[in-house]
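A.B. asks: Here you go, protein_23.txt (compact mmCIF, C-alpha atoms):
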```
# COMPACT_ATOMS: atom_id res chain seq x y z
CA MET A 22 78.76 -46.94 116.64
CA ALA A 23 80.20 -44.09 118.62
CA VAL A 24 78.25 -43.48 121.79
CA ALA A 25 79.02 -39.78 121.48
CA ALA A 26 76.74 -39.64 118.46
CA GLY A 27 73.84 -40.55 120.72
CA VAL A 28 74.47 -38.08 123.51
CA LEU A 29 71.73 -35.56 124.13
CA ARG A 30 72.42 -32.84 126.67
CA ILE A 31 69.34 -31.84 128.60
CA SER A 32 68.78 -28.12 128.19
CA GLU A 33 65.76 -27.66 130.37
CA LEU A 34 66.63 -29.21 133.69
CA SER A 35 64.57 -29.28 136.82
CA ARG A 36 65.50 -27.19 139.84
CA GLY A 37 69.08 -27.59 140.94
CA LEU A 38 70.34 -29.16 137.70
CA GLY A 39 72.79 -26.96 135.86
CA GLN A 40 74.09 -26.99 132.31
CA ALA A 41 76.94 -29.39 133.08
CA GLY A 42 76.71 -33.01 133.92
CA LEU A 43 73.32 -34.65 133.43
CA LEU A 44 73.30 -36.55 130.14
CA PHE A 45 70.83 -38.90 128.54
CA LEU A 46 71.66 -41.11 125.59
CA ARG A 47 69.28 -41.77 122.74
CA ARG A 48 69.31 -43.30 119.31
CA PRO A 49 69.33 -40.30 116.95
CA GLY A 50 66.41 -39.72 114.64
CA THR A 51 63.98 -42.22 116.14
CA ARG A 52 61.43 -40.03 117.86
CA GLY A 53 58.24 -39.68 115.84
CA LEU A 54 59.08 -42.21 113.13
CA ALA A 55 56.29 -44.48 114.23
CA ARG A 56 53.64 -41.88 113.57
CA CYS A 57 54.84 -40.16 110.41
CA HIS A 58 54.95 -42.08 107.15
CA PRO A 59 54.41 -39.62 104.30
CA GLN A 60 53.46 -41.14 100.99
CA ARG A 61 56.59 -41.76 98.95
CA GLN A 62 56.75 -40.68 95.34
CA GLN A 63 59.03 -42.29 92.81
CA GLN A 64 62.26 -40.29 92.55
CA HIS A 65 65.31 -40.64 90.34
CA PHE A 66 68.83 -40.32 91.73
CA SER A 67 72.26 -41.11 90.43
CA SER A 68 74.06 -43.94 92.23
CA LEU A 69 76.00 -41.38 94.27
CA ASP A 70 72.93 -39.44 95.42
CA GLU A 71 70.45 -42.27 95.90
CA LYS A 72 68.68 -42.12 99.25
CA PRO A 73 67.61 -45.21 101.21
CA GLN A 74 63.87 -45.82 101.21
CA PHE A 75 63.80 -48.69 103.72
CA PRO A 76 61.01 -48.17 106.30
CA GLY A 77 62.97 -49.80 109.13
CA ALA A 78 65.77 -47.26 109.61
CA SER A 79 66.79 -43.67 108.92
CA ALA A 80 70.28 -43.77 107.43
CA GLU A 81 72.53 -43.06 104.47
CA PHE A 82 74.17 -45.41 101.99
CA ILE A 83 77.94 -45.96 102.16
CA ASP A 84 80.19 -47.70 99.66
CA LYS A 85 82.73 -49.12 102.12
CA LEU A 86 82.37 -52.41 104.05
CA GLU A 87 82.50 -51.49 107.71
CA PHE A 88 81.12 -53.16 110.84
CA ILE A 89 79.96 -51.04 113.75
CA GLN A 90 82.33 -51.44 116.68
CA PRO A 91 80.99 -51.60 120.25
CA ASN A 92 82.26 -48.64 122.21
CA VAL A 93 83.49 -50.41 125.34
CA ILE A 94 86.90 -48.77 125.68
CA SER A 95 85.98 -45.25 126.75
CA GLY A 96 82.46 -46.24 127.78
CA ILE A 97 79.38 -44.23 128.66
CA PRO A 98 80.32 -41.65 131.33
CA ILE A 99 79.06 -41.99 134.90
CA TYR A 100 77.15 -38.99 136.18
CA ARG A 101 77.95 -37.97 139.75
CA VAL A 102 77.25 -34.98 141.98
CA MET A 103 79.46 -35.52 145.02
CA ASP A 104 82.77 -37.27 145.50
CA ARG A 105 83.60 -39.96 148.04
CA GLN A 106 84.27 -37.33 150.71
CA GLY A 107 80.76 -35.93 150.28
CA GLN A 108 81.92 -32.76 148.51
CA ILE A 109 79.76 -31.34 145.70
CA ILE A 110 81.85 -31.46 142.53
CA ASN A 111 79.90 -29.00 140.39
CA PRO A 112 77.78 -26.51 142.37
CA SER A 113 75.31 -26.20 139.49
CA GLU A 114 74.41 -29.88 139.96
CA ASP A 115 73.70 -29.57 143.69
CA PRO A 116 69.97 -30.34 144.12
CA HIS A 117 69.86 -27.91 147.07
CA LEU A 118 67.64 -30.15 149.12
CA PRO A 119 66.51 -28.92 152.55
CA GLN A 120 68.15 -30.31 155.66
CA GLU A 121 65.01 -32.20 156.69
CA LYS A 122 64.89 -34.09 153.40
CA VAL A 123 68.57 -35.01 153.37
CA LEU A 124 68.27 -36.25 156.95
CA LYS A 125 65.37 -38.45 155.84
CA PHE A 126 67.64 -39.87 153.13
CA TYR A 127 70.27 -40.68 155.73
CA LYS A 128 67.91 -42.10 158.33
CA SER A 129 66.12 -44.28 155.77
CA MET A 130 69.43 -45.68 154.55
CA THR A 131 70.82 -46.37 158.00
CA LEU A 132 67.56 -47.79 159.33
CA LEU A 133 67.49 -50.20 156.38
CA ASN A 134 71.09 -51.15 157.16
CA THR A 135 70.20 -51.87 160.79
CA MET A 136 67.16 -53.93 159.84
CA ASP A 137 69.28 -55.91 157.38
CA ARG A 138 71.82 -56.85 160.05
CA ILE A 139 69.18 -58.01 162.52
CA LEU A 140 67.12 -60.01 160.02
CA TYR A 141 70.22 -61.56 158.46
CA GLU A 142 71.31 -62.79 161.88
CA SER A 143 67.79 -64.02 162.65
CA GLN A 144 67.92 -66.22 159.56
CA ARG A 145 71.31 -67.57 160.61
CA GLN A 146 69.74 -68.46 163.96
CA GLY A 147 66.89 -70.31 162.23
CA ARG A 148 64.19 -67.83 163.16
CA ILE A 149 63.22 -67.01 159.57
CA SER A 150 63.76 -69.13 156.48
CA PHE A 151 65.47 -66.71 154.11
CA TYR A 152 66.75 -63.15 153.76
CA MET A 153 68.45 -60.80 151.29
CA THR A 154 70.41 -57.79 152.47
CA ASN A 155 70.73 -54.43 150.73
CA TYR A 156 74.27 -53.57 151.89
CA GLY A 157 75.96 -51.05 149.60
CA GLU A 158 72.90 -50.32 147.45
CA GLU A 159 70.95 -48.12 149.84
CA GLY A 160 71.67 -44.97 147.80
CA THR A 161 70.01 -46.40 144.69
CA HIS A 162 66.82 -47.12 146.64
CA VAL A 163 66.45 -43.89 148.55
CA GLY A 164 67.67 -41.48 145.87
CA SER A 165 65.24 -42.87 143.30
CA ALA A 166 62.32 -43.22 145.72
CA ALA A 167 62.68 -39.59 146.80
CA ALA A 168 62.55 -38.41 143.19
CA MET A 169 59.26 -40.16 142.40
CA ASP A 170 55.79 -39.09 143.46
CA ASN A 171 54.38 -41.23 146.26
CA THR A 172 51.52 -42.29 144.00
CA ASP A 173 53.82 -43.51 141.22
CA LEU A 174 53.67 -47.28 140.84
CA VAL A 175 56.78 -49.27 141.81
CA PHE A 176 57.71 -52.68 140.41
CA GLY A 177 60.63 -54.09 142.38
CA GLN A 178 62.85 -57.11 141.92
CA TYR A 179 63.80 -58.25 145.42
CA ARG A 180 66.47 -55.84 146.64
CA GLU A 181 64.54 -52.56 146.86
CA ALA A 182 63.40 -52.54 150.48
CA GLY A 183 64.76 -49.01 150.81
CA VAL A 184 62.06 -47.73 148.45
CA LEU A 185 59.40 -48.94 150.87
CA MET A 186 61.45 -47.68 153.80
CA TYR A 187 61.50 -44.18 152.27
CA ARG A 188 57.74 -44.37 151.71
CA ASP A 189 57.34 -44.96 155.47
CA TYR A 190 56.40 -48.64 155.31
CA PRO A 191 56.22 -49.67 158.99
CA LEU A 192 58.96 -51.82 160.48
CA GLU A 193 56.24 -54.03 161.92
CA LEU A 194 55.09 -54.96 158.40
CA PHE A 195 58.63 -55.63 157.19
CA MET A 196 59.01 -58.05 160.10
CA ALA A 197 55.54 -59.56 159.68
CA GLN A 198 56.29 -60.38 156.05
CA CYS A 199 59.65 -61.99 156.82
CA TYR A 200 58.11 -64.03 159.63
CA GLY A 201 54.96 -64.81 157.65
CA ASN A 202 52.82 -64.18 160.73
CA ALA A 203 49.16 -63.25 161.09
CA SER A 204 49.92 -59.54 160.50
CA ASP A 205 51.56 -60.20 157.15
CA GLN A 206 49.56 -58.49 154.41
CA GLY A 207 50.41 -61.42 152.14
CA LYS A 208 48.99 -63.86 154.74
CA GLY A 209 52.20 -65.86 154.95
CA ARG A 210 52.08 -67.07 151.35
CA GLN A 211 55.31 -65.48 150.12
CA MET A 212 58.99 -66.04 150.81
CA PRO A 213 60.64 -63.47 153.09
CA VAL A 214 61.59 -60.10 151.48
CA HIS A 215 58.78 -60.45 148.90
CA TYR A 216 57.09 -57.26 150.06
CA GLY A 217 54.04 -55.58 148.61
CA CYS A 218 51.87 -52.66 149.68
CA LYS A 219 48.83 -51.39 147.82
CA GLU A 220 48.59 -48.22 149.92
CA ARG A 221 52.18 -47.28 149.01
CA HIS A 222 51.78 -48.28 145.35
CA PHE A 223 54.43 -50.99 145.62
CA VAL A 224 53.54 -54.07 143.57
CA THR A 225 54.20 -57.37 145.36
CA ILE A 226 57.58 -58.85 144.49
CA SER A 227 57.77 -62.10 142.54
CA SER A 228 60.78 -64.43 142.61
CA PRO A 229 61.23 -65.20 138.89
CA LEU A 230 63.71 -62.79 137.35
CA ALA A 231 62.56 -59.93 135.12
CA THR A 232 58.85 -60.84 135.01
CA GLN A 233 58.14 -57.42 136.51
CA ILE A 234 59.62 -55.61 133.49
CA PRO A 235 56.88 -56.24 130.88
CA GLN A 236 54.27 -56.01 133.64
CA ALA A 237 55.54 -52.53 134.55
CA VAL A 238 55.38 -51.47 130.91
CA GLY A 239 51.75 -52.56 130.78
CA ALA A 240 51.00 -50.51 133.88
CA ALA A 241 52.76 -47.49 132.35
CA TYR A 242 50.79 -47.88 129.14
CA ALA A 243 47.58 -47.95 131.19
CA ALA A 244 48.65 -44.78 133.01
CA LYS A 245 49.28 -43.11 129.66
CA ARG A 246 45.86 -44.09 128.32
CA ALA A 247 44.21 -42.86 131.52
CA ASN A 248 46.10 -39.56 131.23
CA ASP A 249 46.59 -39.51 134.99
CA ASN A 250 49.97 -37.74 135.05
CA LYS A 251 51.79 -40.66 136.68
CA ALA A 252 54.94 -42.60 135.95
CA VAL A 253 56.01 -46.15 136.70
CA ILE A 254 59.46 -47.12 137.95
CA CYS A 255 60.72 -50.66 137.42
CA TYR A 256 63.81 -51.95 139.26
CA PHE A 257 66.01 -54.84 138.19
CA GLY A 258 69.62 -55.97 138.33
CA GLU A 259 72.08 -56.24 135.48
CA GLY A 260 71.64 -60.03 135.60
CA ALA A 261 67.90 -59.73 135.03
CA ALA A 262 68.66 -57.57 132.00
CA SER A 263 69.90 -60.77 130.32
CA GLU A 264 66.40 -62.23 130.45
CA GLY A 265 64.15 -62.13 127.39
CA ASP A 266 61.51 -60.27 129.40
CA ALA A 267 63.89 -57.29 129.54
CA HIS A 268 64.09 -57.12 125.75
CA ALA A 269 60.31 -57.41 125.44
CA GLY A 270 59.75 -54.72 128.05
CA PHE A 271 62.24 -52.26 126.53
CA ASN A 272 60.82 -52.68 123.05
CA PHE A 273 57.18 -52.38 124.12
CA ALA A 274 57.94 -49.29 126.22
CA ALA A 275 59.69 -47.58 123.32
CA THR A 276 57.17 -48.42 120.60
CA LEU A 277 54.12 -47.73 122.78
CA GLU A 278 55.77 -44.58 124.20
CA CYS A 279 55.14 -45.34 127.87
CA PRO A 280 55.96 -43.10 130.86
CA ILE A 281 58.26 -45.57 132.60
CA ILE A 282 61.70 -45.46 134.21
CA PHE A 283 63.74 -48.64 133.89
CA PHE A 284 66.10 -48.54 136.87
CA CYS A 285 68.96 -51.03 136.64
CA ARG A 286 71.06 -51.63 139.74
CA ASN A 287 74.35 -52.80 138.25
CA ASN A 288 75.99 -54.19 141.39
CA GLY A 289 78.65 -56.30 139.68
CA TYR A 290 77.24 -59.78 140.24
CA ALA A 291 74.23 -61.82 139.15
CA ILE A 292 74.41 -64.10 142.19
CA SER A 293 77.90 -65.49 141.47
CA THR A 294 78.24 -64.45 137.83
CA PRO A 295 80.41 -61.32 137.41
CA THR A 296 79.57 -58.73 134.79
CA SER A 297 82.59 -59.83 132.75
CA GLU A 298 80.75 -63.09 132.07
CA GLN A 299 77.30 -61.55 131.62
CA TYR A 300 77.79 -59.24 128.66
CA ARG A 301 80.40 -57.97 126.21
CA GLY A 302 78.84 -54.57 125.50
CA ASP A 303 79.16 -51.40 127.55
CA GLY A 304 76.86 -52.34 130.41
CA ILE A 305 73.11 -51.85 130.38
CA ALA A 306 72.80 -48.14 129.55
CA ALA A 307 74.37 -48.82 126.15
CA ARG A 308 71.37 -50.93 125.22
CA GLY A 309 68.90 -48.07 125.56
CA PRO A 310 69.72 -46.17 122.36
CA GLY A 311 69.30 -49.38 120.37
CA TYR A 312 65.68 -49.50 121.50
CA GLY A 313 65.16 -45.77 121.07
CA ILE A 314 65.18 -45.20 124.83
CA MET A 315 66.74 -42.18 126.54
CA SER A 316 69.47 -43.54 128.81
CA ILE A 317 71.97 -42.46 131.44
CA ARG A 318 74.59 -44.04 133.68
CA VAL A 319 74.94 -42.70 137.22
CA ASP A 320 77.07 -43.29 140.29
CA GLY A 321 74.69 -45.40 142.37
CA ASN A 322 76.69 -44.71 145.53
CA ASP A 323 75.94 -40.99 145.14
CA VAL A 324 72.40 -40.51 146.40
CA PHE A 325 72.19 -37.02 144.85
CA ALA A 326 73.21 -38.24 141.39
CA VAL A 327 70.52 -40.92 141.62
CA TYR A 328 67.99 -38.35 142.81
CA ASN A 329 68.77 -35.81 140.05
CA ALA A 330 68.69 -38.37 137.25
CA THR A 331 65.49 -40.02 138.44
CA LYS A 332 63.71 -36.72 139.03
CA GLU A 333 64.53 -35.43 135.54
CA ALA A 334 63.65 -38.77 133.95
CA ARG A 335 60.35 -38.82 135.81
CA ARG A 336 59.50 -35.26 134.74
CA ARG A 337 60.20 -35.96 131.09
CA ALA A 338 58.60 -39.41 131.08
CA VAL A 339 55.29 -37.89 132.17
CA ALA A 340 55.53 -34.73 130.04
CA GLU A 341 56.65 -36.48 126.86
CA ASN A 342 55.25 -40.01 127.25
CA GLN A 343 58.50 -41.80 126.68
CA PRO A 344 60.61 -44.35 128.58
CA PHE A 345 63.94 -43.73 130.28
CA LEU A 346 66.70 -46.14 131.30
CA ILE A 347 68.90 -45.41 134.30
CA GLU A 348 71.88 -47.64 135.01
CA ALA A 349 73.09 -47.08 138.58
CA MET A 350 76.63 -48.36 139.09
CA THR A 351 77.02 -49.76 142.59
CA TYR A 352 78.33 -52.81 144.45
CA ARG A 353 76.60 -55.62 146.33
CA ILE A 354 78.54 -55.76 149.59
CA GLY A 355 76.52 -58.59 151.12
CA HIS A 356 76.03 -62.13 149.90
CA HIS A 357 73.37 -62.52 147.21
CA SER A 358 71.13 -64.06 149.86
CA THR A 359 71.35 -66.28 152.91
CA SER A 360 71.56 -69.21 150.46
CA ASP A 361 74.81 -67.83 149.03
CA ASP A 362 78.44 -67.70 150.17
CA SER A 363 80.11 -65.02 148.08
CA SER A 364 83.57 -65.86 149.43
CA ALA A 365 83.56 -68.69 146.89
CA TYR A 366 83.74 -66.26 143.96
CA ARG A 367 85.18 -62.96 145.22
CA SER A 368 87.87 -61.88 147.66
CA VAL A 369 87.46 -60.36 151.09
CA ASP A 370 89.70 -57.48 150.00
CA GLU A 371 87.34 -56.65 147.14
CA VAL A 372 84.34 -56.50 149.43
CA ASN A 373 86.20 -54.50 152.08
CA TYR A 374 87.25 -51.91 149.52
CA TRP A 375 83.65 -51.03 148.67
CA ASP A 376 82.48 -51.30 152.27
CA LYS A 377 85.20 -49.02 153.65
CA GLN A 378 86.15 -46.76 150.73
CA ASP A 379 82.99 -46.09 148.72
CA HIS A 380 79.85 -46.77 150.73
CA PRO A 381 76.77 -44.61 149.95
CA ILE A 382 75.96 -44.17 153.63
CA SER A 383 79.48 -42.97 154.46
CA ARG A 384 79.43 -40.55 151.53
CA LEU A 385 76.15 -38.98 152.62
CA ARG A 386 77.34 -38.78 156.23
CA HIS A 387 80.42 -36.84 155.09
CA TYR A 388 78.10 -34.44 153.25
CA LEU A 389 75.90 -33.94 156.32
CA GLN A 390 78.87 -33.36 158.62
CA SER A 391 80.44 -30.86 156.22
CA ARG A 392 77.18 -28.87 156.34
CA GLY A 393 77.01 -29.01 160.13
CA TRP A 394 73.77 -31.02 159.93
CA TRP A 395 75.11 -34.12 161.72
CA ASP A 396 77.78 -35.00 164.26
CA ASP A 397 79.19 -37.99 166.12
CA GLU A 398 76.83 -37.59 169.07
CA GLN A 399 73.78 -37.55 166.80
CA GLU A 400 75.15 -40.58 164.97
CA LYS A 401 75.58 -42.53 168.18
CA ALA A 402 72.10 -41.60 169.44
CA TRP A 403 70.42 -42.42 166.11
CA ARG A 404 72.15 -45.80 165.79
CA LYS A 405 70.97 -46.71 169.29
CA GLN A 406 67.44 -45.46 168.63
CA SER A 407 67.14 -47.18 165.24
CA ARG A 408 68.34 -50.51 166.64
CA LYS A 409 65.81 -50.23 169.47
CA LYS A 410 63.00 -49.60 166.96
CA VAL A 411 63.99 -52.57 164.83
CA MET A 412 64.34 -54.89 167.82
CA GLU A 413 60.92 -53.92 169.16
CA ALA A 414 59.31 -54.72 165.81
CA PHE A 415 61.35 -57.92 165.59
CA GLU A 416 60.26 -59.17 169.02
CA GLN A 417 56.64 -58.27 168.32
CA ALA A 418 56.67 -60.21 165.03
CA GLU A 419 58.19 -63.24 166.67
CA ARG A 420 55.45 -63.42 169.28
CA LYS A 421 52.59 -63.32 166.79
CA PRO A 422 50.93 -66.53 165.57
CA LYS A 423 51.03 -67.80 162.00
CA PRO A 424 47.99 -67.20 159.74
CA ASN A 425 45.05 -69.62 159.91
CA PRO A 426 45.76 -72.65 157.65
CA ASN A 427 42.40 -72.12 155.91
CA LEU A 428 43.88 -69.03 154.26
CA LEU A 429 45.69 -71.46 151.96
CA PHE A 430 42.45 -71.72 150.01
CA SER A 431 41.19 -68.13 149.92
CA ASP A 432 41.72 -65.09 147.67
CA VAL A 433 42.04 -66.97 144.38
CA TYR A 434 38.45 -67.55 143.28
CA GLN A 435 35.43 -65.42 144.00
CA GLU A 436 33.50 -68.64 144.54
CA MET A 437 35.57 -71.58 145.68
CA PRO A 438 35.42 -74.41 143.09
CA ALA A 439 34.49 -77.95 144.07
CA GLN A 440 38.01 -79.37 143.80
CA LEU A 441 39.38 -76.68 146.11
CA ARG A 442 36.61 -77.27 148.66
CA LYS A 443 37.47 -80.95 148.55
CA GLN A 444 41.12 -80.19 149.35
CA GLN A 445 40.09 -77.87 152.19
CA GLU A 446 37.88 -80.57 153.69
CA ALA A 447 40.67 -83.14 153.33
CA LEU A 448 43.09 -80.86 155.21
CA ALA A 449 40.56 -80.26 158.00
CA GLN A 450 39.97 -84.00 158.37
CA HIS A 451 43.69 -84.71 158.35
CA LEU A 452 44.39 -82.13 161.07
CA GLN A 453 41.50 -83.42 163.14
CA THR A 454 42.96 -86.93 163.01
CA TYR A 455 46.66 -86.15 163.28
CA GLY A 456 46.64 -82.67 164.79
CA GLU A 457 48.89 -83.65 167.69
CA HIS A 458 51.75 -84.06 165.23
CA TYR A 459 51.57 -80.44 164.09
CA PRO A 460 52.36 -77.21 166.01
CA LEU A 461 48.79 -75.94 165.60
CA GLU A 462 49.11 -73.83 168.75
CA HIS A 463 51.34 -71.48 166.74
CA PHE A 464 48.59 -70.75 164.20
CA GLU A 465 45.58 -68.48 164.44
CA LYS A 466 42.35 -70.31 165.10
```
Would you mind writing the structure in this file as structure tokens?
C.D. replies:
Amino acid sequence: MAVAAGVLRISELSRGLGQAGLLFLRRPGTRGLARCHPQRQQQHFSSLDEKPQFPGASAEFIDKLEFIQPNVISGIPIYRVMDRQGQIINPSEDPHLPQEKVLKFYKSMTLLNTMDRILYESQRQGRISFYMTNYGEEGTHVGSAAAMDNTDLVFGQYREAGVLMYRDYPLELFMAQCYGNASDQGKGRQMPVHYGCKERHFVTISSPLATQIPQAVGAAYAAKRANDNKAVICYFGEGAASEGDAHAGFNFAATLECPIIFFCRNNGYAISTPTSEQYRGDGIAARGPGYGIMSIRVDGNDVFAVYNATKEARRRAVAENQPFLIEAMTYRIGHHSTSDDSSAYRSVDEVNYWDKQDHPISRLRHYLQSRGWWDDEQEKAWRKQSRKKVMEAFEQAERKPKPNPNLLFSDVYQEMPAQLRKQQEALAQHLQTYGEHYPLEHFEK
């Protein structure tokens, strides 16, 4: 199946998007089939003119045995707006964002980078139990977050802290969650980096892979039924796309016509499994047309390409009640997590290439400097200021006590059942008898 047959050029683009560049892929002839089934009348054709009547597909008969070949040689093109030196390639694709907004992009990305370095080191020092960095993928977070409305619901996987950062989630709450202290909105019940924030419409992260995908589709279907002019964005990695939940989510979104954006961060590795061992097709975007989903592949290290694609997908998802799939090509520079040593499965040279030659932060900095919006002195001052802000939040989180142990039993049932009360009483009795063996002074009373 030639991918070119499924290419639809967007003709009505949002502000700043010209006639060249932004492409979505779709399966031809699928839109509207679910609703229109005219009554068929018996017709007579010769064998050469006979038309297929199968309800499951719109196609023509052929008389030659031929298997459809996967198009993995040329591949789906990668949409980009600026090159590695931060130069706009096609002026008609420049989103023409104001200086203030582009500086927010940059400061969100660099602040996230600074927080990552400090929390990663704190885990290595035994201060927190676990951490996952976002090195190299900051552009996918910030570009997509900026293109969504702040009231749009977000379902993350576990490497989308930049979305919350762009939505002005306080550093103090990032730290509180990772430390599991008394200020943690999750009351210390989750692993570090499993953020959630109702006020910022960010659904709490869950560890099992891809469970958020069908959940996000359900939320998008609810938004459609409520007619509230909102979209849902669901993030996942290319490894999670191998889970059955991804198939279920894609198919439900397409058949129920939900206003959702599936945002795949294809960073090259599912923990230690490279993409060459994950799939044989042309990445994740190639799967969209098979489900009847509009799809695009973008340069995830180009924050403007991510922004343009997400903004247009969001506009159309709401206006047309249909799903979109964005595959953002990027690279995971850090280890998968603090439980991983990526030197066991990839070379230092490979990592250094992406860190030094094609980093989304460096690319955006080149753009800012070429516009005269940023210079070395501002960079030095901001790096110092951002580190100071992170360290202040870090030290504050470390001083705070852990949540009261009784919170283990709350927030599940409206009225606590007998067996849970029995467990609560048993814990209280145990701590009363053996309390000197536990660091109870570090917990809220």
A.B. asks: For a quick check of understanding, using only C-alpha atoms, which of A:Phe271, A:Tyr388, A:Phe415, A:Trp375 has the smallest distance to Gln343 of chain A?
C.D. replies: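 Of A:Phe271, A:Tyr388, A:Phe415, A:Trp375, the one nearest Gln343 of chain A is A:Phe271, counting only C-alpha atoms.
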A.B. asks: What lies within 8 Å of segment 173-185 of chain A using all atoms listed in the file, ignoring chain neighbours under 6 positions off, as a compact mmCIF listing (two decimals) with C-alpha atoms, in the frame of the given file?
C.D. replies:
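After the write, selection13.txt holds the following:
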```txt
# COMPACT_ATOMS: atom_id res chain seq x y z
CA SER A 129 66.12 -44.28 155.77
CA MET A 130 69.43 -45.68 154.55
CA LEU A 133 67.49 -50.20 156.38
CA MET A 153 68.45 -60.80 151.29
CA THR A 154 70.41 -57.79 152.47
CA ASN A 155 70.73 -54.43 150.73
CA GLU A 159 70.95 -48.12 149.84
CA HIS A 162 66.82 -47.12 146.64
CA VAL A 163 66.45 -43.89 148.55
CA SER A 165 65.24 -42.87 143.30
CA ALA A 166 62.32 -43.22 145.72
CA VAL A 214 61.59 -60.10 151.48
CA HIS A 215 58.78 -60.45 148.90
CA TYR A 216 57.09 -57.26 150.06
CA ARG A 221 52.18 -47.28 149.01
CA HIS A 222 51.78 -48.28 145.35
CA PHE A 223 54.43 -50.99 145.62
CA VAL A 224 53.54 -54.07 143.57
CA THR A 225 54.20 -57.37 145.36
CA ILE A 226 57.58 -58.85 144.49
CA SER A 227 57.77 -62.10 142.54
CA SER A 228 60.78 -64.43 142.61
CA LEU A 230 63.71 -62.79 137.35
CA ALA A 231 62.56 -59.93 135.12
CA GLN A 233 58.14 -57.42 136.51
CA ILE A 234 59.62 -55.61 133.49
CA ALA A 237 55.54 -52.53 134.55
CA LYS A 251 51.79 -40.66 136.68
CA ALA A 252 54.94 -42.60 135.95
CA VAL A 253 56.01 -46.15 136.70
CA ILE A 254 59.46 -47.12 137.95
CA CYS A 255 60.72 -50.66 137.42
CA TYR A 256 63.81 -51.95 139.26
CA PHE A 257 66.01 -54.84 138.19
CA GLY A 258 69.62 -55.97 138.33
```
A.B. asks: Between atom CA of Lys128 of chain A and atom CA of Leu389 of chain A, what is the spacing in Å?
C.D. replies: 11.6 Å
A.B. asks: Excluding Ile314 of chain A and its own-chain neighbours fewer than 4 positions away, which residues fall within 7 Å of it when counting all atoms listed in the file? Please give them as a ChimeraX atom specification.
C.D. replies: /A:47,275,309-310,344-346
A.B. asks: Could you please take those selected residues and save C-alpha atoms as a compact mmCIF listing (two decimals), in the coordinates of the input?
C.D. replies:
```
# COMPACT_ATOMS: atom_id res chain seq x y z
CA ARG A 47 69.28 -41.77 122.74
CA ALA A 275 59.69 -47.58 123.32
CA GLY A 309 68.90 -48.07 125.56
CA PRO A 310 69.72 -46.17 122.36
CA PRO A 344 60.61 -44.35 128.58
CA PHE A 345 63.94 -43.73 130.28
CA LEU A 346 66.70 -46.14 131.30
```
A.B. asks: What are the closest atom pairs, with distances in Å to one decimal, for all residues of segment 283-330 of chain A lying within 9 Å of segment 96-116 of chain A? Consider only C-alpha atoms, order rows by chain and residue number, and present the result as JSON lines.
C.D. replies:
```
{"residue": "A:Asp303", "atom": "CA", "partner": "A:Gly96", "partner_atom": "CA", "distance": 6.1}
{"residue": "A:Gly304", "atom": "CA", "partner": "A:Ile97", "partner_atom": "CA", "distance": 8.7}
{"residue": "A:Ala306", "atom": "CA", "partner": "A:Ile97", "partner_atom": "CA", "distance": 7.7}
{"residue": "A:Ala307", "atom": "CA", "partner": "A:Ile97", "partner_atom": "CA", "distance": 7.2}
{"residue": "A:Ile317", "atom": "CA", "partner": "A:Tyr100", "partner_atom": "CA", "distance": 7.8}
{"residue": "A:Arg318", "atom": "CA", "partner": "A:Ile99", "partner_atom": "CA", "distance": 5.1}
{"residue": "A:Val319", "atom": "CA", "partner": "A:Tyr100", "partner_atom": "CA", "distance": 4.4}
{"residue": "A:Asp320", "atom": "CA", "partner": "A:Arg101", "partner_atom": "CA", "distance": 5.4}
{"residue": "A:Gly321", "atom": "CA", "partner": "A:Arg101", "partner_atom": "CA", "distance": 8.5}
{"residue": "A:Asn322", "atom": "CA", "partner": "A:Arg105", "partner_atom": "CA", "distance": 8.8}
{"residue": "A:Asp323", "atom": "CA", "partner": "A:Arg101", "partner_atom": "CA", "distance": 6.5}
{"residue": "A:Val324", "atom": "CA", "partner": "A:Val102", "partner_atom": "CA", "distance": 8.6}
{"residue": "A:Phe325", "atom": "CA", "partner": "A:Val102", "partner_atom": "CA", "distance": 6.2}
{"residue": "A:Ala326", "atom": "CA", "partner": "A:Arg101", "partner_atom": "CA", "distance": 5.0}
{"residue": "A:Val327", "atom": "CA", "partner": "A:Arg101", "partner_atom": "CA", "distance": 8.2}
{"residue": "A:Tyr328", "atom": "CA", "partner": "A:Pro116", "partner_atom": "CA", "distance": 8.4}
{"residue": "A:Asn329", "atom": "CA", "partner": "A:Pro116", "partner_atom": "CA", "distance": 6.9}
{"residue": "A:Ala330", "atom": "CA", "partner": "A:Tyr100", "partner_atom": "CA", "distance": 8.5}
```
A.B. asks: For a test of reading the model, state the distance in Å between atom CA of Gln406 of chain A and atom CA of Met136 of chain A, rounded to one decimal.
C.D. replies: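 A separation of 12.2 Å between them.
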